[in-house]
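Chemist: The following file, coords.txt, comprises compact mmCIF, C-alpha atoms:
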```txt
# COMPACT_ATOMS: atom_id res chain seq x y z
CA MET A 1 -170.73 -92.10 85.76
CA LYS A 2 -171.07 -91.53 89.49
CA THR A 3 -172.65 -88.22 90.47
CA ASP A 4 -172.83 -86.94 94.01
CA ILE A 5 -175.14 -84.12 95.00
CA CYS A 6 -173.26 -83.23 98.18
CA THR A 7 -170.46 -84.29 100.48
CA SER A 8 -170.86 -87.56 102.34
CA ILE A 9 -171.21 -87.57 106.12
CA GLU A 10 -167.54 -88.57 106.40
CA LYS A 11 -166.37 -85.76 104.12
CA SER A 12 -168.64 -83.30 105.92
CA LYS A 13 -167.10 -84.26 109.25
CA LYS A 14 -163.61 -83.78 107.78
CA LEU A 15 -164.52 -80.27 106.63
CA MET A 16 -165.79 -79.41 110.10
CA GLU A 17 -162.62 -80.89 111.67
CA LEU A 18 -160.60 -78.62 109.38
CA GLY A 19 -162.61 -75.67 110.72
CA VAL A 20 -165.16 -74.99 107.97
CA ASP A 21 -168.15 -73.15 109.43
CA PRO A 22 -171.26 -75.42 109.34
CA SER A 23 -173.41 -72.39 108.55
CA THR A 24 -171.86 -72.34 105.05
CA ALA A 25 -173.45 -75.74 104.28
CA ASP A 26 -176.39 -75.55 101.92
CA MET A 27 -177.82 -79.00 102.76
CA CYS A 28 -177.82 -81.41 105.67
CA TYR A 29 -178.36 -85.00 106.66
CA VAL A 30 -180.96 -85.60 109.36
CA GLY A 31 -181.28 -88.97 110.95
CA THR A 32 -180.33 -91.56 113.48
CA GLU A 33 -177.14 -93.56 113.76
CA LYS A 34 -178.51 -96.17 111.31
CA GLU A 35 -180.32 -94.03 108.74
CA HIS A 36 -179.90 -90.51 107.37
CA ILE A 37 -182.12 -88.51 105.04
CA LEU A 38 -180.65 -85.76 102.88
CA HIS A 39 -182.49 -82.43 103.14
CA ALA A 40 -182.03 -79.80 100.47
CA GLU A 41 -182.34 -77.12 103.13
CA SER A 42 -179.48 -75.25 104.73
CA TYR A 43 -178.02 -76.42 108.02
CA ASN A 44 -179.10 -73.14 109.66
CA LYS A 45 -182.69 -73.48 108.43
CA ILE A 46 -182.99 -77.04 109.79
CA LEU A 47 -181.54 -75.91 113.14
CA ALA A 48 -184.09 -73.08 113.29
CA TRP A 49 -186.94 -75.49 112.54
CA ARG A 50 -185.66 -77.84 115.25
CA LYS A 51 -185.60 -75.01 117.82
CA GLU A 52 -189.16 -74.06 116.85
CA ASP A 53 -190.30 -77.70 117.14
CA ALA A 54 -188.57 -78.02 120.52
CA LYS A 55 -190.59 -75.06 121.82
CA LYS A 56 -193.82 -76.70 120.63
CA CYS A 57 -192.81 -80.02 122.25
CA HIS A 58 -191.81 -78.42 125.57
CA ASN A 59 -188.08 -78.81 124.83
CA ALA A 60 -188.25 -82.60 124.49
CA PRO A 61 -184.90 -84.01 123.29
CA PHE A 62 -184.58 -85.10 119.68
CA SER A 63 -183.32 -88.57 118.81
CA THR A 64 -181.98 -87.47 115.43
CA SER A 65 -178.74 -85.78 114.50
CA ILE A 66 -178.13 -83.02 112.00
CA THR A 67 -174.95 -83.15 109.91
CA PRO A 68 -174.25 -80.25 107.54
CA CYS A 69 -173.18 -81.11 104.00
CA TRP A 70 -171.97 -79.05 101.08
CA SER A 71 -172.98 -79.16 97.42
CA LEU A 72 -170.43 -78.46 94.69
CA ALA A 73 -171.73 -74.89 94.47
CA ALA A 74 -171.30 -74.37 98.23
CA ILE A 75 -167.73 -75.73 98.15
CA LEU A 76 -166.85 -73.49 95.21
CA GLU A 77 -168.20 -70.48 97.13
CA LEU A 78 -165.67 -71.20 99.90
CA MET A 79 -162.70 -71.13 97.52
CA PRO A 80 -160.90 -67.94 96.57
CA PHE A 81 -160.70 -67.09 92.89
CA PHE A 82 -157.00 -66.24 93.27
CA ILE A 83 -154.33 -67.43 95.70
CA THR A 84 -150.84 -66.11 96.30
CA ILE A 85 -147.83 -68.36 96.69
CA LYS A 86 -144.87 -66.80 98.48
CA GLU A 87 -141.44 -68.39 98.25
CA GLU A 88 -138.38 -67.10 100.05
CA GLY A 89 -136.48 -64.64 97.86
CA GLU A 90 -138.99 -64.89 95.01
CA PRO A 91 -141.69 -62.40 93.96
CA ASP A 92 -145.28 -63.30 94.90
CA GLU A 93 -146.96 -65.52 92.35
CA TYR A 94 -150.71 -65.32 91.75
CA TYR A 95 -152.78 -68.30 90.70
CA HIS A 96 -156.41 -68.65 89.61
CA PHE A 97 -158.87 -71.48 90.19
CA GLN A 98 -159.75 -74.08 87.56
CA LEU A 99 -162.00 -77.14 87.58
CA ASN A 100 -161.37 -79.35 84.56
CA ARG A 101 -162.30 -82.67 83.06
CA ASN A 102 -159.63 -84.82 81.45
CA GLY A 103 -159.91 -87.88 79.28
CA SER A 104 -162.13 -89.33 76.64
CA VAL A 105 -165.70 -90.52 76.31
CA PHE A 106 -164.74 -93.85 77.91
CA HIS A 107 -162.40 -92.62 80.63
CA SER A 108 -162.75 -89.18 82.13
CA LYS A 109 -161.58 -87.78 85.43
CA TRP A 110 -161.90 -84.43 87.16
CA TRP A 111 -159.27 -82.25 88.78
CA ALA A 112 -159.37 -78.93 90.52
CA SER A 113 -156.30 -76.78 90.91
CA TYR A 114 -154.87 -73.32 90.80
CA HIS A 115 -152.91 -72.23 87.74
CA GLY A 116 -150.59 -69.30 87.43
CA LEU A 117 -148.55 -67.30 85.00
CA LYS A 118 -144.88 -66.87 85.67
CA THR A 119 -142.72 -64.52 83.65
CA GLU A 120 -139.16 -65.61 82.98
CA ARG A 121 -136.89 -63.57 80.69
CA GLY A 122 -139.85 -61.89 79.07
CA LYS A 123 -141.68 -65.11 78.24
CA VAL A 124 -144.95 -66.14 79.86
CA HIS A 125 -145.11 -69.78 80.97
CA THR A 126 -148.18 -71.48 82.40
CA ARG A 127 -147.25 -73.48 85.45
CA ARG A 128 -149.61 -75.86 87.24
CA ILE A 129 -148.61 -75.52 90.86
CA HIS A 130 -151.11 -77.84 92.45
CA TRP A 131 -150.23 -81.18 90.95
CA ALA A 132 -150.98 -83.22 94.09
CA VAL A 133 -154.46 -82.49 95.41
CA GLY A 134 -154.42 -84.76 98.44
CA PRO A 135 -153.95 -88.50 97.95
CA LYS A 136 -154.84 -88.55 94.26
CA GLU A 137 -154.47 -86.12 91.43
CA GLU A 138 -157.70 -86.87 89.59
CA SER A 139 -161.16 -87.57 90.98
CA GLU A 140 -164.25 -89.41 89.79
CA THR A 141 -166.58 -86.42 90.23
CA PRO A 142 -166.24 -82.63 90.19
CA LEU A 143 -167.48 -82.62 93.79
CA ASP A 144 -164.64 -84.92 94.89
CA ALA A 145 -162.06 -82.82 93.04
CA ALA A 146 -163.34 -79.59 94.62
CA PHE A 147 -163.48 -81.23 98.08
CA GLU A 148 -159.84 -82.39 97.82
CA LEU A 149 -158.70 -78.94 96.72
CA LEU A 150 -160.66 -77.21 99.50
CA CYS A 151 -158.97 -79.46 102.08
CA TRP A 152 -155.58 -78.67 100.51
CA LEU A 153 -156.27 -74.93 100.61
CA ILE A 154 -157.16 -75.06 104.30
CA GLU A 155 -154.13 -77.23 105.15
CA GLN A 156 -151.85 -74.81 103.25
CA GLY A 157 -153.29 -71.80 105.10
CA GLN A 158 -154.78 -70.30 101.94
CA ILE A 159 -158.25 -70.19 103.54
CA LYS A 160 -158.78 -68.95 107.06
CA VAL A 161 -161.16 -71.12 109.08
CA ASN A 162 -162.56 -71.24 112.61
CA LYS A 163 -160.15 -73.46 114.51
```
Before we go any further, please render this structure as C-alpha cells.

Modeler:
Amino acid sequence: MKTDICTSIEKSKKLMELGVDPSTADMCYVGTEKEHILHAESYNKILAWRKEDAKKCHNAPFSTSITPCWSLAAILELMPFFITIKEEGEPDEYYHFQLNRNGSVFHSKWWASYHGLKTERGKVHTRRIHWAVGPKEESETPLDAAFELLCWLIEQGQIKVNK
C-alpha cells in the first residue's frame, strides 16, 4: 500500500493556485530545481529561519526554494465539518464530512465526501451528494482523497481562500 506523508510539490502548487494560504502548511520542501528535501517543520518556521540566516550572511541570496506542503492532518484542518448546499426553491441542506475506506483486504480505496440527511414525507434518507470528487471517485491514499475533496470544496465556493 502506498502511503504519502504530505502533498507532492505539484499538489502543493495546485493548492496555492487555488488560493490556499501557505502559512497553513505544516511541512515544506526545501531544495534546488533538481533535488528537494522534505522538512517536518512549518512553512512559516522555515521562512523565519531563512530570514535569520540571511541576516547572518549579510543578506546573501539563497539558491534553494521553499515549497509549502500539507499533511493529511493539515488538509483536514482546512475543511469545514459541515457544508450547506443551496438549491433554487429548496430548503438548505446540511452535510457533514466523512473519510472512508472501501473494499477488501486485497483491494481497498479511500474516498472523502460530505454526507447529508434529507427528510422526505417524514422519512430520513441518507444521500451522498459528493459522488464525483474531481477526476476519480476513489483514491489510493487518504491524503489523495482529502486533497481531491479540498480542491472540490474550493472550486464550489464552500471554502473561502485568498485569491

Chemist: Find the residue from A:Leu76, A:Ala40, A:Glu87, A:Trp70 that sits nearest to Pro22 (chain A); use all atoms listed in the file when measuring.

Modeler: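 Using all atoms listed in the file, the shortest distance to Pro22 (chain A) belongs to A:Trp70.
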
Chemist: Would you be able to write out as a PyMOL selection string which residues have an atom within 12 Å of (-156.6, -72.7, 102.6) in the file's coordinates, counting all atoms listed in the file?

Modeler: chain A and resi 15+18-20+78-85+114+147-162

Chemist: Would you put the residues from that selection into a file with C-alpha atoms, as an mmCIF file, keeping the file's coordinate frame?

Modeler:
```cif
data_model
loop_
_atom_site.group_PDB
_atom_site.id
_atom_site.type_symbol
_atom_site.label_atom_id
_atom_site.label_comp_id
_atom_site.auth_asym_id
_atom_site.auth_seq_id
_atom_site.Cartn_x
_atom_site.Cartn_y
_atom_site.Cartn_z
ATOM 1 C CA LEU A 15 -164.520 -80.270 106.630
ATOM 2 C CA LEU A 18 -160.600 -78.620 109.380
ATOM 3 C CA GLY A 19 -162.610 -75.670 110.720
ATOM 4 C CA VAL A 20 -165.160 -74.990 107.970
ATOM 5 C CA LEU A 78 -165.670 -71.200 99.900
ATOM 6 C CA MET A 79 -162.700 -71.130 97.520
ATOM 7 C CA PRO A 80 -160.900 -67.940 96.570
ATOM 8 C CA PHE A 81 -160.700 -67.090 92.890
ATOM 9 C CA PHE A 82 -157.000 -66.240 93.270
ATOM 10 C CA ILE A 83 -154.330 -67.430 95.700
ATOM 11 C CA THR A 84 -150.840 -66.110 96.300
ATOM 12 C CA ILE A 85 -147.830 -68.360 96.690
ATOM 13 C CA TYR A 114 -154.870 -73.320 90.800
ATOM 14 C CA PHE A 147 -163.480 -81.230 98.080
ATOM 15 C CA GLU A 148 -159.840 -82.390 97.820
ATOM 16 C CA LEU A 149 -158.700 -78.940 96.720
ATOM 17 C CA LEU A 150 -160.660 -77.210 99.500
ATOM 18 C CA CYS A 151 -158.970 -79.460 102.080
ATOM 19 C CA TRP A 152 -155.580 -78.670 100.510
ATOM 20 C CA LEU A 153 -156.270 -74.930 100.610
ATOM 21 C CA ILE A 154 -157.160 -75.060 104.300
ATOM 22 C CA GLU A 155 -154.130 -77.230 105.150
ATOM 23 C CA GLN A 156 -151.850 -74.810 103.250
ATOM 24 C CA GLY A 157 -153.290 -71.800 105.100
ATOM 25 C CA GLN A 158 -154.780 -70.300 101.940
ATOM 26 C CA ILE A 159 -158.250 -70.190 103.540
ATOM 27 C CA LYS A 160 -158.780 -68.950 107.060
ATOM 28 C CA VAL A 161 -161.160 -71.120 109.080
ATOM 29 C CA ASN A 162 -162.560 -71.240 112.610
#
```

Chemist: Do you have the CA of Lys51 (chain A)-CA of Ile66 (chain A) distance handy?

Modeler: 12.4 Å

Chemist: Counting all atoms listed in the file, figure out which residue out of A:Lys34, A:Lys109, A:His39, A:Arg50 gets nearest to Glu138 (chain A).

Modeler: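 Distance minimum relative to Glu138 (chain A) lands on A:Lys109.
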
Chemist: What does the distance between CA of Lys86 (chain A) and CA of Ala112 (chain A) come to in Å, to one decimal place?

Modeler: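 Distance between the two atoms: 20.5 Å.
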
Chemist: Which value, in Å to one decimal, gives the distance between CA of Asp26 (chain A) and CA of Lys45 (chain A)?

Modeler: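 These two atoms are separated by 9.3 Å.
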
Chemist: If you count only C-alpha atoms, which residues fall within 12 Å of Ser8 (chain A), apart from same-chain ones fewer than 2 positions away, as a list in words?

Modeler: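 So, after excluding close chain neighbours, the residues are Asp4, Ile5, Cys6, Glu10, Lys11, Ser12, Lys13, Lys14, Leu15, Met27, Cys28, Tyr29, His36, Ile37, Leu38, Thr67, Pro68, Cys69, Trp70, Ser71, Leu72, Leu143, Asp144 and Phe147 of chain A.
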
Chemist: Which residue, A:Asp21, A:Glu88, A:Glu35, A:Glu140, has the smallest gap to Arg101 (chain A) when you use all atoms listed in the file?

Modeler: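 The shortest atom-to-atom distance to Arg101 (chain A) comes from A:Glu140.
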
Chemist: Which is closest to Ser65 (chain A) among A:Asn100, A:Thr32, A:Asn44, A:Thr141, if we use all atoms listed in the file?

Modeler: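 So, comparing all the options, the nearest one is A:Thr32.
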